[in-house]
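**Q** Contents of input.cif (mmCIF, C-alpha atoms) are given next:
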data_protein
#
loop_
_atom_site.label_atom_id
_atom_site.label_comp_id
_atom_site.auth_asym_id
_atom_site.auth_seq_id
_atom_site.Cartn_x
_atom_site.Cartn_y
_atom_site.Cartn_z
CA MET A 1 18.78 -6.40 -25.96
CA LYS A 2 20.58 -3.08 -26.15
CA GLU A 3 18.64 -2.08 -29.28
CA VAL A 4 15.37 -2.93 -27.55
CA LEU A 5 16.40 -0.75 -24.62
CA LYS A 6 17.12 2.17 -26.95
CA GLU A 7 13.71 1.77 -28.56
CA ILE A 8 11.93 1.74 -25.20
CA ILE A 9 13.90 4.71 -23.83
CA VAL A 10 13.17 6.88 -26.87
CA GLY A 11 9.54 5.74 -26.98
CA ASN A 12 9.02 6.73 -23.34
CA GLN A 13 10.67 10.11 -23.95
CA ASN A 14 8.44 10.79 -26.96
CA ALA A 15 5.36 10.07 -24.82
CA LEU A 16 6.22 13.01 -22.55
CA PRO A 17 4.59 15.03 -21.15
CA ALA A 18 2.31 12.32 -19.82
CA ASP A 19 -1.44 12.87 -19.67
CA ILE A 20 -1.96 11.67 -16.13
CA ASN A 21 -4.33 12.17 -13.21
CA GLY A 22 -2.72 13.91 -10.26
CA ARG A 23 -2.33 12.38 -6.81
CA SER A 24 -2.48 14.08 -3.43
CA TRP A 25 1.30 13.86 -3.07
CA GLU A 26 4.40 13.89 -5.25
CA ILE A 27 7.92 12.55 -4.92
CA PRO A 28 10.57 15.26 -4.53
CA VAL A 29 13.13 15.90 -7.25
CA ASP A 30 16.75 17.05 -7.03
CA THR A 31 17.22 15.93 -3.41
CA GLY A 32 20.55 14.22 -4.00
CA LYS A 33 19.00 11.06 -2.53
CA ILE A 34 17.78 7.87 -4.17
CA ILE A 35 13.97 8.09 -4.08
CA THR A 36 12.26 4.73 -3.59
CA VAL A 37 8.51 4.11 -3.89
CA PRO A 38 7.38 0.66 -2.73
CA GLY A 39 3.74 -0.29 -3.12
CA VAL A 40 1.26 -2.86 -4.34
CA ARG A 41 1.00 -3.56 -8.06
CA ARG A 42 -1.33 -1.31 -10.06
CA SER A 43 -1.52 1.28 -7.28
CA GLY A 44 -0.08 4.06 -9.44
CA LYS A 45 3.69 3.87 -8.95
CA SER A 46 4.36 4.61 -12.63
CA SER A 47 1.93 7.53 -12.45
CA ILE A 48 3.92 9.04 -9.58
CA PHE A 49 6.96 8.82 -11.87
CA PHE A 50 5.09 10.51 -14.74
CA ILE A 51 4.02 13.35 -12.44
CA ALA A 52 7.67 13.87 -11.44
CA GLN A 53 8.78 13.74 -15.09
CA ASN A 54 6.17 16.33 -16.08
CA LYS A 55 7.45 18.51 -13.27
CA LEU A 56 11.02 18.21 -14.57
CA LEU A 57 9.91 19.17 -18.09
CA LYS A 58 8.15 22.27 -16.75
CA SER A 59 11.34 23.26 -14.95
CA GLY A 60 13.27 23.18 -18.23
CA VAL A 61 14.81 19.69 -18.18
CA PRO A 62 14.79 18.33 -21.77
CA LYS A 63 13.06 14.99 -22.26
CA GLU A 64 16.32 13.47 -23.57
CA LYS A 65 17.74 13.72 -20.04
CA ILE A 66 14.90 11.58 -18.64
CA LEU A 67 15.49 7.81 -18.74
CA PHE A 68 12.37 5.87 -17.78
CA LEU A 69 12.13 2.08 -17.91
CA ASN A 70 9.65 -0.42 -16.54
CA LEU A 71 11.86 -3.44 -15.85
CA ASP A 72 8.77 -5.66 -15.86
CA ASP A 73 8.32 -4.91 -19.59
CA GLU A 74 7.88 -8.23 -21.40
CA ARG A 75 10.47 -7.12 -23.96
CA LEU A 76 13.16 -7.07 -21.27
CA ASP A 77 14.63 -9.85 -19.17
CA PHE A 78 17.03 -8.93 -16.39
CA SER A 79 15.88 -11.73 -14.10
CA GLY A 80 18.69 -14.17 -14.82
CA ALA A 81 21.81 -12.26 -15.82
CA SER A 82 24.03 -10.65 -13.22
CA ALA A 83 24.39 -6.88 -13.16
CA ASP A 84 27.92 -6.98 -14.58
CA SER A 85 27.27 -9.48 -17.38
CA ALA A 86 26.92 -8.63 -21.05
CA SER A 87 23.13 -9.06 -20.78
CA GLY A 88 22.62 -7.61 -17.30
CA ILE A 89 21.02 -4.44 -16.02
CA GLY A 90 24.23 -2.51 -16.77
CA LEU A 91 23.12 -2.48 -20.41
CA ILE A 92 20.69 0.32 -19.50
CA LEU A 93 23.51 2.80 -19.03
CA ASP A 94 25.34 1.56 -22.13
CA ALA A 95 22.22 1.95 -24.28
CA TYR A 96 21.54 5.46 -23.02
CA ARG A 97 25.13 6.64 -23.58
CA GLU A 98 25.06 5.36 -27.15
CA LEU A 99 21.83 7.27 -27.75
CA TYR A 100 23.06 10.52 -26.20
CA PRO A 101 26.87 10.57 -26.06
CA LYS A 102 27.00 14.35 -25.61
CA ILE A 103 24.72 14.52 -22.54
CA PRO A 104 26.75 14.51 -19.29
CA SER A 105 25.69 11.45 -17.30
CA LYS A 106 25.38 13.46 -14.08
CA GLU A 107 22.49 15.41 -15.64
CA VAL A 108 20.44 12.30 -16.43
CA TYR A 109 17.35 11.42 -14.38
CA PHE A 110 16.98 7.63 -13.94
CA PHE A 111 13.40 6.40 -13.35
CA LEU A 112 13.42 2.60 -12.90
CA ASP A 113 10.02 1.00 -12.36
CA GLU A 114 9.62 -2.45 -10.70
CA ILE A 115 13.34 -2.57 -9.97
CA GLN A 116 13.09 -5.84 -8.01
CA VAL A 117 12.69 -7.75 -11.30
CA ALA A 118 16.37 -7.20 -12.21
CA LYS A 119 19.02 -9.42 -10.71
CA GLY A 120 21.79 -7.42 -9.04
CA TRP A 121 19.85 -4.15 -9.11
CA GLU A 122 21.34 -2.99 -5.80
CA LYS A 123 24.92 -3.02 -7.11
CA PHE A 124 23.86 -1.30 -10.32
CA VAL A 125 21.98 1.46 -8.49
CA ARG A 126 24.83 2.03 -6.08
CA ARG A 127 27.32 2.26 -8.94
CA ILE A 128 25.10 4.77 -10.77
CA TYR A 129 24.68 6.83 -7.61
CA ASP A 130 28.37 6.83 -6.70
CA THR A 131 29.84 7.41 -10.17
CA VAL A 132 27.17 8.66 -12.59
CA SER A 133 24.14 10.57 -11.28
CA LYS A 134 22.41 11.47 -8.02
CA ASN A 135 19.03 11.62 -9.78
CA ILE A 136 17.72 8.11 -9.19
CA TYR A 137 14.09 7.09 -8.65
CA LEU A 138 12.99 3.49 -8.00
CA THR A 139 9.70 1.67 -7.52
CA GLY A 140 9.11 -1.89 -6.37
CA SER A 141 6.23 -4.20 -5.50
CA ASN A 142 8.02 -5.82 -2.60
CA SER A 143 8.38 -3.81 0.60
CA LYS A 144 10.76 -6.05 2.52
CA MET A 145 13.00 -6.70 -0.46
CA LEU A 146 13.34 -2.99 -1.09
CA SER A 147 13.84 -1.99 2.54
CA SER A 148 16.22 -4.78 3.53
CA GLU A 149 18.38 -4.68 0.42
CA ILE A 150 18.45 -0.88 0.38
CA ALA A 151 19.47 -0.91 4.04
CA THR A 152 22.53 -3.03 3.28
CA ALA A 153 23.56 -1.78 -0.17
CA LEU A 154 22.38 1.83 -0.20
CA ARG A 155 22.51 2.81 3.46
CA GLY A 156 22.02 6.54 4.08
CA ARG A 157 21.44 7.30 0.42
CA THR A 158 17.66 6.88 0.16
CA LEU A 159 14.30 8.47 0.92
CA GLN A 160 11.30 6.10 0.89
CA PHE A 161 7.69 6.97 0.10
CA GLU A 162 4.96 4.31 0.24
CA ILE A 163 2.17 4.35 -2.32
CA PHE A 164 -1.30 2.88 -1.85
CA PRO A 165 -4.36 2.63 -4.09
CA LEU A 166 -6.39 5.83 -4.17
CA SER A 167 -7.51 7.50 -0.96
CA PHE A 168 -11.16 8.56 -0.90
CA THR A 169 -10.15 12.16 -1.62
CA GLU A 170 -8.15 11.01 -4.66
CA TYR A 171 -11.02 8.75 -5.69
CA CYS A 172 -13.38 11.74 -5.74
CA ASP A 173 -10.82 13.74 -7.70
CA PHE A 174 -10.52 10.96 -10.30
CA LYS A 175 -14.33 10.82 -10.53
CA ASN A 176 -14.68 14.64 -10.65
CA ILE A 177 -16.89 14.59 -7.56
CA ASP A 178 -17.27 17.88 -5.72
CA MET A 179 -16.46 17.35 -2.03
CA ASP A 180 -18.42 20.37 -0.77
CA PHE A 181 -20.62 18.46 1.68
CA TYR A 182 -22.31 21.66 2.90
CA ASP A 183 -24.34 21.63 -0.33
CA SER A 184 -27.02 18.98 0.29
CA SER A 185 -27.22 17.87 -3.36
CA LYS A 186 -23.44 17.46 -3.56
CA LYS A 187 -23.36 15.72 -0.19
CA ALA A 188 -25.71 13.01 -1.47
CA VAL A 189 -23.40 12.35 -4.45
CA LEU A 190 -20.42 12.28 -2.11
CA ILE A 191 -22.01 9.72 0.23
CA ASN A 192 -22.97 7.54 -2.74
CA ALA A 193 -19.37 7.73 -3.97
CA PHE A 194 -18.13 6.63 -0.55
CA HIS A 195 -20.43 3.61 -0.67
CA GLU A 196 -18.97 2.60 -4.04
CA TYR A 197 -15.41 3.26 -2.84
CA LEU A 198 -16.03 1.22 0.29
CA PHE A 199 -16.90 -1.96 -1.60
CA LYS A 200 -15.06 -1.58 -4.92
CA GLY A 201 -11.84 -0.11 -3.58
CA GLY A 202 -9.50 2.48 -4.99
CA PHE A 203 -7.26 0.95 -7.64
CA PRO A 204 -6.89 3.64 -10.33
CA GLU A 205 -7.80 1.37 -13.24
CA ILE A 206 -10.98 0.23 -11.48
CA THR A 207 -11.89 3.80 -10.60
CA LEU A 208 -11.50 5.07 -14.16
CA GLY A 209 -12.72 1.97 -15.98
CA LYS A 210 -16.05 0.36 -16.75
CA GLU A 211 -17.80 -1.15 -13.75
CA THR A 212 -18.79 -4.34 -15.61
CA PHE A 213 -15.42 -6.06 -15.31
CA HIS A 214 -14.00 -4.70 -12.06
CA GLU A 215 -14.11 -8.02 -10.20
CA GLN A 216 -12.38 -9.88 -13.04
CA ILE A 217 -9.67 -7.20 -13.17
CA LEU A 218 -9.09 -7.45 -9.42
CA GLN A 219 -8.91 -11.23 -9.61
CA GLU A 220 -6.26 -10.87 -12.32
CA TYR A 221 -4.31 -8.47 -10.06
CA TYR A 222 -4.50 -11.10 -7.33
CA TYR A 223 -3.14 -13.90 -9.52
CA VAL A 224 -0.26 -11.77 -10.80
CA MET A 225 0.65 -10.75 -7.24
CA ILE A 226 0.48 -14.30 -5.91
CA PHE A 227 2.28 -16.06 -8.74
CA LYS A 228 4.68 -13.45 -10.08
CA ASP A 229 5.52 -11.42 -6.97
CA LEU A 230 5.37 -14.22 -4.43
CA VAL A 231 5.54 -17.76 -5.88
CA GLU A 232 8.25 -16.93 -8.43
CA ARG A 233 10.15 -14.48 -6.25
CA TYR A 234 10.32 -16.74 -3.19
CA ASN A 235 10.23 -20.08 -5.05
CA VAL A 236 7.12 -21.20 -3.13
CA LYS A 237 6.49 -24.91 -3.59
CA ASN A 238 3.14 -25.48 -1.90
CA VAL A 239 0.74 -23.10 -3.65
CA ASN A 240 -2.31 -24.76 -2.08
CA VAL A 241 -1.10 -23.84 1.40
CA LEU A 242 -0.54 -20.27 0.19
CA ARG A 243 -4.08 -20.08 -1.14
CA TYR A 244 -5.42 -21.43 2.14
CA LEU A 245 -3.50 -18.74 4.03
CA VAL A 246 -5.01 -16.02 1.86
CA LYS A 247 -8.48 -17.44 2.47
CA ARG A 248 -7.90 -17.62 6.23
CA LEU A 249 -6.53 -14.09 6.50
CA LEU A 250 -9.44 -12.76 4.46
CA ALA A 251 -11.93 -14.57 6.69
CA ASN A 252 -10.31 -13.09 9.79
CA LEU A 253 -9.71 -9.52 8.58
CA THR A 254 -9.71 -6.89 11.36
CA LYS A 255 -9.45 -9.55 14.11
CA PRO A 256 -6.38 -10.71 16.09
CA THR A 257 -4.93 -13.63 14.17
CA ALA A 258 -2.70 -16.42 15.47
CA ALA A 259 -0.37 -17.91 12.87
CA ASN A 260 0.14 -20.89 15.18
CA LYS A 261 -3.58 -21.69 15.05
CA ILE A 262 -3.50 -21.60 11.25
CA PHE A 263 -0.48 -23.92 11.29
CA ASN A 264 -2.38 -26.41 13.46
CA GLU A 265 -5.36 -26.30 11.06
CA ILE A 266 -3.10 -27.08 8.10
CA LYS A 267 -1.34 -29.82 10.05
CA SER A 268 -4.65 -31.42 11.10
CA ALA A 269 -5.63 -31.55 7.42
CA GLY A 270 -2.71 -33.92 6.87
CA ILE A 271 -0.49 -31.43 5.04
CA ALA A 272 3.21 -31.66 5.93
CA ILE A 273 4.48 -28.13 6.52
CA SER A 274 6.67 -26.49 9.14
CA LYS A 275 5.52 -23.73 11.45
CA ASN A 276 8.32 -21.52 10.13
CA THR A 277 6.98 -21.91 6.60
CA VAL A 278 3.57 -20.61 7.68
CA TYR A 279 5.18 -17.57 9.31
CA GLU A 280 7.34 -17.01 6.23
CA LEU A 281 4.37 -17.18 3.85
CA ILE A 282 2.41 -14.66 5.92
CA GLY A 283 5.46 -12.39 5.93
CA GLN A 284 5.74 -12.75 2.16
CA LEU A 285 2.06 -11.85 1.71
CA GLU A 286 2.85 -8.69 3.65
CA SER A 287 5.97 -8.01 1.62
CA ILE A 288 4.00 -7.91 -1.66
CA TYR A 289 1.45 -5.58 -0.01
CA MET A 290 -1.43 -8.04 -0.22
CA PHE A 291 -1.99 -7.81 3.54
CA LEU A 292 -0.82 -5.30 6.14
CA SER A 293 -0.46 -6.13 9.82
CA LEU A 294 -1.38 -4.05 12.83
CA PRO A 295 0.50 -4.89 16.05
CA LYS A 296 -0.97 -4.86 19.53
CA PHE A 297 0.20 -1.96 21.66
CA ASN A 298 2.03 -2.50 24.90
CA ALA A 299 3.86 0.12 26.91
CA SER A 300 6.83 -2.25 27.03
CA SER A 301 8.62 -2.36 23.68
CA ILE A 302 9.69 -5.93 24.51
CA LYS A 303 6.07 -7.07 24.69
CA GLU A 304 4.91 -4.91 21.79
CA PHE A 305 5.28 -7.68 19.22
CA SER A 306 4.22 -10.57 21.46
CA GLY A 307 0.48 -10.10 20.94
CA MET A 308 -1.41 -11.44 17.95
CA PRO A 309 -1.44 -8.95 15.07
CA LYS A 310 -4.56 -7.96 13.18
CA TYR A 311 -4.49 -8.10 9.39
CA TYR A 312 -6.03 -5.78 6.82
CA ILE A 313 -6.13 -6.08 3.04
CA ILE A 314 -4.49 -3.48 0.78
CA ASP A 315 -7.76 -2.62 -0.99
CA ASN A 316 -11.39 -3.33 -0.20
CA GLY A 317 -11.97 -4.31 -3.81
CA PHE A 318 -9.97 -7.50 -3.18
CA ASN A 319 -12.23 -8.35 -0.27
CA SER A 320 -15.27 -8.06 -2.54
CA ALA A 321 -13.76 -9.86 -5.54
CA LEU A 322 -12.20 -12.74 -3.63
CA GLN A 323 -14.94 -13.40 -1.05
CA ASN A 324 -18.25 -12.11 -2.46
CA MET A 325 -19.63 -11.70 1.06
CA VAL A 326 -20.27 -7.95 1.15
CA SER A 327 -23.66 -8.08 2.85
CA GLU A 328 -22.31 -10.10 5.78
CA ASN A 329 -19.14 -8.07 6.37
CA LYS A 330 -20.07 -4.41 5.95
CA GLY A 331 -18.37 -3.48 9.23
CA VAL A 332 -15.17 -5.18 8.08
CA PHE A 333 -15.15 -3.07 4.91
CA LEU A 334 -15.58 0.12 6.93
CA GLU A 335 -12.84 -0.78 9.41
CA ASN A 336 -10.49 -1.78 6.59
CA ALA A 337 -11.08 1.59 4.89
CA VAL A 338 -10.39 3.45 8.13
CA TYR A 339 -7.22 1.41 8.66
CA LEU A 340 -5.94 2.28 5.17
CA HIS A 341 -6.67 5.95 5.81
CA LEU A 342 -4.68 5.87 9.05
CA ARG A 343 -1.93 3.74 7.49
CA ARG A 344 -1.33 6.40 4.85
CA LYS A 345 -0.77 8.88 7.68
CA HIS A 346 1.69 6.49 9.36
CA PRO A 347 4.29 5.51 6.73
CA PHE A 348 5.41 1.89 7.00
CA GLY A 349 3.01 1.47 9.95
CA LYS A 350 5.14 3.38 12.45
CA GLY A 351 3.09 4.61 15.39
CA LEU A 352 -0.08 2.68 14.54
CA PHE A 353 -1.40 -0.05 16.88
CA TYR A 354 -4.50 -1.59 18.33
CA PHE A 355 -5.13 -1.62 22.09
CA LYS A 356 -6.48 -4.61 23.97
CA GLU A 357 -6.84 -5.39 27.64
CA LYS A 358 -10.28 -6.22 29.00
CA TYR A 359 -11.81 -4.46 26.01
CA GLU A 360 -10.40 -3.57 22.60
CA CYS A 361 -9.79 -0.25 20.84
CA ASP A 362 -9.37 -0.68 17.09
CA PHE A 363 -6.72 1.97 16.46
CA MET A 364 -4.21 3.82 18.59
CA CYS A 365 -2.19 6.51 16.84
CA LEU A 366 1.12 7.67 18.28
CA ASP A 367 2.87 10.93 17.53
CA LYS A 368 6.43 10.98 18.88
CA GLN A 369 5.63 8.40 21.57
CA SER A 370 2.50 10.17 22.83
CA VAL A 371 -0.95 8.87 21.91
CA SER A 372 -2.60 11.44 19.64
CA GLU A 373 -5.82 9.66 18.66
CA LEU A 374 -7.96 6.67 19.63
CA VAL A 375 -10.42 5.33 17.04
CA GLN A 376 -13.19 2.74 17.14
CA VAL A 377 -15.05 1.56 14.05
CA CYS A 378 -18.51 0.00 13.81
CA TRP A 379 -21.17 0.08 11.13
CA ASN A 380 -23.75 1.65 13.42
CA LEU A 381 -24.52 2.16 17.12
CA ASP A 382 -28.15 1.03 17.03
CA ASN A 383 -27.50 -2.04 19.16
CA GLN A 384 -27.00 -1.05 22.81
CA GLU A 385 -24.62 -3.90 23.49
CA THR A 386 -22.45 -2.87 20.52
CA ARG A 387 -22.58 0.78 21.63
CA LYS A 388 -21.47 -0.15 25.14
CA ARG A 389 -18.63 -2.35 23.88
CA GLU A 390 -17.24 0.35 21.57
CA ILE A 391 -17.41 3.02 24.27
CA ASN A 392 -15.80 0.75 26.88
CA GLY A 393 -12.91 0.00 24.53
CA LEU A 394 -12.28 3.70 23.96
CA LEU A 395 -12.55 4.61 27.63
CA GLU A 396 -10.20 1.84 28.74
CA ALA A 397 -7.57 2.92 26.20
CA ALA A 398 -8.06 6.59 27.08
CA LYS A 399 -7.56 5.97 30.79
CA ALA A 400 -4.46 3.86 30.12
CA THR A 401 -2.85 6.44 27.83
CA GLY A 402 -4.23 9.81 28.87
CA CYS A 403 -5.48 10.52 25.35
CA LYS A 404 -8.62 12.66 25.08
CA ASN A 405 -9.01 12.65 21.28
CA LEU A 406 -11.58 9.87 21.01
CA LYS A 407 -13.55 8.94 17.90
CA ILE A 408 -16.09 6.36 16.81
CA ILE A 409 -16.44 5.96 13.05
CA THR A 410 -19.77 4.66 11.74
CA TYR A 411 -21.20 4.41 8.26
CA ASP A 412 -23.47 7.45 8.39
CA PHE A 413 -24.11 8.73 11.96
CA GLU A 414 -22.65 11.96 13.29
CA GLY A 415 -22.81 13.31 16.83
CA SER A 416 -21.06 13.14 20.18
CA ILE A 417 -21.19 11.01 23.30
CA LYS A 418 -20.22 12.14 26.80
CA GLU A 419 -19.18 9.38 29.14
CA GLU A 420 -17.21 9.38 32.42
CA GLY A 421 -15.79 12.85 31.79
CA PHE A 422 -14.73 12.06 28.21
CA GLU A 423 -16.28 13.43 25.02
CA ILE A 424 -16.35 11.04 22.06
CA SER A 425 -16.81 12.37 18.53
CA VAL A 426 -18.94 10.14 16.31
CA LEU A 427 -18.23 10.64 12.62
CA PRO A 428 -19.52 9.10 9.40
CA GLY A 429 -16.84 7.20 7.52
CA TRP A 430 -16.97 9.42 4.43
CA LYS A 431 -16.20 12.50 6.50
CA PHE A 432 -13.42 10.86 8.50
CA VAL A 433 -11.55 9.66 5.42
#
Could you render the structure as structure tokens?

**A**
Amino acid sequence: MKEVLKEIIVGNQNALPADINGRSWEIPVDTGKIITVPGVRRSGKSSIFFIAQNKLLKSGVPKEKILFLNLDDERLDFSGASADSASGIGLILDAYRELYPKIPSKEVYFFLDEIQVAKGWEKFVRRIYDTVSKNIYLTGSNSKMLSSEIATALRGRTLQFEIFPLSFTEYCDFKNIDMDFYDSSKKAVLINAFHEYLFKGGFPEITLGKETFHEQILQEYYYVMIFKDLVERYNVKNVNVLRYLVKRLLANLTKPTAANKIFNEIKSAGIAISKNTVYELIGQLESIYMFLSLPKFNASSIKEFSGMPKYYIIDNGFNSALQNMVSENKGVFLENAVYLHLRRKHPFGKGLFYFKEKYECDFMCLDKQSVSELVQVCWNLDNQETRKREINGLLEAAKATGCKNLKIITYDFEGSIKEEGFEISVLPGWKFV
């Protein structure tokens, strides 16, 4: 396999500089820390690497000092051999040194994509960091695997940056859409783009590709995530239960969800499964970034995780492709898009909650323990009962927390509401995100 590694390494170097669309953020270089980028498959992790590599080239680093490998390449197989074996991940360093024996190893930049595929990757990365080079960059499609194993093997040596499918701003950039909404003709194009983004999502390949096959592509993403990232990784035996869980979480997106209730449904169907298995499968769906959970806020940290979480999907395109119920769930799509926007601003979900007592407030954003923003989401405020419910949820949360930055996000309405001494900004979704 060493010869294959050499071929891939040189091939990737010869492809530099990469012709790549920019993103709204970049990973830092030359920090002396191991940079890790967890995120869902096909969200652009490799592209973030290419942007960093282009940056290194511009700064004068020769391409021969850049080692980039996607460990999920079908030509490679590090899944079975241990890191120290003759066919393990340690071959990467051996292959590179044979290619470039005169380049000091400490000057090499290691970019390892989908690192979780390789058995024993933690020991290899730590050995490289401690004895070879401080320039190490990793991506992975499993959040908990990366965070837990990094915490034990690479403690204090890492900086983590989550990546998501495209934000709406990035989507417009990819589509070359002018975001100057003060120009009425450009504003109309912008709003139309938001409508497409809302229901088709923001995976880069979908955004740049032909619209005809976007649902088939998303369904293929789904199957790879479920079977490769979850079933194979965690050795899941009952795939039918897993599929049922996905269906249930999709059906209950944006609403408080009780895993215990789902367990009872499965049990009543005559399927033998433990309650712990249901909780584990939901956790694994989160770990591969299929779903993201939003905890209920409580002033007591002990009670913070006792309430039922709400679940959101990583990209609205999945909701369309897997359910085909767009017309019935427009408000769910809008709330999911708002959640993803807020989640990007709160890395790994820190400081993001929902509030629920008598009424419910969709999103509560904390900044250093103080509540900085309260957000409600609904498709429109035409129905007086809906309008009253959304306002009551905001006011209850505002009175409980002292926050005065109150927003209601709708599809297209903009204005303000004054109620009980509070002023609520009403914004269209496209402007908010």

**Q** With all atoms listed in the file as the basis for distance, which of A:Ile313, A:Ile177, A:Val108, A:Leu230 is at the shortest distance from Gln284 in chain A?

**A**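 For Gln284 in chain A, the nearest of the given residues is A:Leu230.
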
**Q** Please, what distance in Å, to one decimal, runs between CA of Pro428 in chain A and CA of Glu170 in chain A?

**A**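 Value for the CA of Pro428 in chain A-CA of Glu170 in chain A distance: 18.2 Å.
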
**Q** A:Lys175, A:Lys368, A:Lys228, A:His195: which is nearest Gly351 in chain A, counting only C-alpha atoms?

**A** A:Lys368

**Q** Residues proximal to (-9.0, 6.5, -2.2) were defined as those with any atom within 12 Å of that point in the file's coordinates, counting all atoms listed in the file. Which are they, as a ChimeraX atom specification?

**A** /A:23-24,43-44,163-175,193-204,206-207,314-317,337-338,340-341,344,430,433

**Q** Would you export the selected residues with C-alpha atoms as a PDB file, in the frame of the given file, please?

**A**
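Result file is result_6.pdb:
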ATOM      1  CA  ARG A  23      -2.330  12.380  -6.810  1.00  0.00           C
ATOM      2  CA  SER A  24      -2.480  14.080  -3.430  1.00  0.00           C
ATOM      3  CA  SER A  43      -1.520   1.280  -7.280  1.00  0.00           C
ATOM      4  CA  GLY A  44      -0.080   4.060  -9.440  1.00  0.00           C
ATOM      5  CA  ILE A 163       2.170   4.350  -2.320  1.00  0.00           C
ATOM      6  CA  PHE A 164      -1.300   2.880  -1.850  1.00  0.00           C
ATOM      7  CA  PRO A 165      -4.360   2.630  -4.090  1.00  0.00           C
ATOM      8  CA  LEU A 166      -6.390   5.830  -4.170  1.00  0.00           C
ATOM      9  CA  SER A 167      -7.510   7.500  -0.960  1.00  0.00           C
ATOM     10  CA  PHE A 168     -11.160   8.560  -0.900  1.00  0.00           C
ATOM     11  CA  THR A 169     -10.150  12.160  -1.620  1.00  0.00           C
ATOM     12  CA  GLU A 170      -8.150  11.010  -4.660  1.00  0.00           C
ATOM     13  CA  TYR A 171     -11.020   8.750  -5.690  1.00  0.00           C
ATOM     14  CA  CYS A 172     -13.380  11.740  -5.740  1.00  0.00           C
ATOM     15  CA  ASP A 173     -10.820  13.740  -7.700  1.00  0.00           C
ATOM     16  CA  PHE A 174     -10.520  10.960 -10.300  1.00  0.00           C
ATOM     17  CA  LYS A 175     -14.330  10.820 -10.530  1.00  0.00           C
ATOM     18  CA  ALA A 193     -19.370   7.730  -3.970  1.00  0.00           C
ATOM     19  CA  PHE A 194     -18.130   6.630  -0.550  1.00  0.00           C
ATOM     20  CA  HIS A 195     -20.430   3.610  -0.670  1.00  0.00           C
ATOM     21  CA  GLU A 196     -18.970   2.600  -4.040  1.00  0.00           C
ATOM     22  CA  TYR A 197     -15.410   3.260  -2.840  1.00  0.00           C
ATOM     23  CA  LEU A 198     -16.030   1.220   0.290  1.00  0.00           C
ATOM     24  CA  PHE A 199     -16.900  -1.960  -1.600  1.00  0.00           C
ATOM     25  CA  LYS A 200     -15.060  -1.580  -4.920  1.00  0.00           C
ATOM     26  CA  GLY A 201     -11.840  -0.110  -3.580  1.00  0.00           C
ATOM     27  CA  GLY A 202      -9.500   2.480  -4.990  1.00  0.00           C
ATOM     28  CA  PHE A 203      -7.260   0.950  -7.640  1.00  0.00           C
ATOM     29  CA  PRO A 204      -6.890   3.640 -10.330  1.00  0.00           C
ATOM     30  CA  ILE A 206     -10.980   0.230 -11.480  1.00  0.00           C
ATOM     31  CA  THR A 207     -11.890   3.800 -10.600  1.00  0.00           C
ATOM     32  CA  ILE A 314      -4.490  -3.480   0.780  1.00  0.00           C
ATOM     33  CA  ASP A 315      -7.760  -2.620  -0.990  1.00  0.00           C
ATOM     34  CA  ASN A 316     -11.390  -3.330  -0.200  1.00  0.00           C
ATOM     35  CA  GLY A 317     -11.970  -4.310  -3.810  1.00  0.00           C
ATOM     36  CA  ALA A 337     -11.080   1.590   4.890  1.00  0.00           C
ATOM     37  CA  VAL A 338     -10.390   3.450   8.130  1.00  0.00           C
ATOM     38  CA  LEU A 340      -5.940   2.280   5.170  1.00  0.00           C
ATOM     39  CA  HIS A 341      -6.670   5.950   5.810  1.00  0.00           C
ATOM     40  CA  ARG A 344      -1.330   6.400   4.850  1.00  0.00           C
ATOM     41  CA  TRP A 430     -16.970   9.420   4.430  1.00  0.00           C
ATOM     42  CA  VAL A 433     -11.550   9.660   5.420  1.00  0.00           C
TER      43      VAL A 433
END

**Q** Between CA of Lys418 in chain A and CA of Val371 in chain A, what is the spacing in Å?

**A** 20.1 Å

**Q** Identify all residues satisfying the PyMOL selection byres ((chain A and resi 395) around 12) in the given file; provide them as a ChimeraX atom specification.

**A** /A:355-361,374-376,388-394,396-408,417-424

**Q** Pull C-alpha atoms from the residues just selected and write them as a short mmCIF file (atom, residue, chain, number, x, y, z; two decimals), in the coordinates of the input.

**A**
data_model
loop_
_atom_site.label_atom_id
_atom_site.label_comp_id
_atom_site.auth_asym_id
_atom_site.auth_seq_id
_atom_site.Cartn_x
_atom_site.Cartn_y
_atom_site.Cartn_z
CA PHE A 355 -5.13 -1.62 22.09
CA LYS A 356 -6.48 -4.61 23.97
CA GLU A 357 -6.84 -5.39 27.64
CA LYS A 358 -10.28 -6.22 29.00
CA TYR A 359 -11.81 -4.46 26.01
CA GLU A 360 -10.40 -3.57 22.60
CA CYS A 361 -9.79 -0.25 20.84
CA LEU A 374 -7.96 6.67 19.63
CA VAL A 375 -10.42 5.33 17.04
CA GLN A 376 -13.19 2.74 17.14
CA LYS A 388 -21.47 -0.15 25.14
CA ARG A 389 -18.63 -2.35 23.88
CA GLU A 390 -17.24 0.35 21.57
CA ILE A 391 -17.41 3.02 24.27
CA ASN A 392 -15.80 0.75 26.88
CA GLY A 393 -12.91 0.00 24.53
CA LEU A 394 -12.28 3.70 23.96
CA GLU A 396 -10.20 1.84 28.74
CA ALA A 397 -7.57 2.92 26.20
CA ALA A 398 -8.06 6.59 27.08
CA LYS A 399 -7.56 5.97 30.79
CA ALA A 400 -4.46 3.86 30.12
CA THR A 401 -2.85 6.44 27.83
CA GLY A 402 -4.23 9.81 28.87
CA CYS A 403 -5.48 10.52 25.35
CA LYS A 404 -8.62 12.66 25.08
CA ASN A 405 -9.01 12.65 21.28
CA LEU A 406 -11.58 9.87 21.01
CA LYS A 407 -13.55 8.94 17.90
CA ILE A 408 -16.09 6.36 16.81
CA ILE A 417 -21.19 11.01 23.30
CA LYS A 418 -20.22 12.14 26.80
CA GLU A 419 -19.18 9.38 29.14
CA GLU A 420 -17.21 9.38 32.42
CA GLY A 421 -15.79 12.85 31.79
CA PHE A 422 -14.73 12.06 28.21
CA GLU A 423 -16.28 13.43 25.02
CA ILE A 424 -16.35 11.04 22.06
#
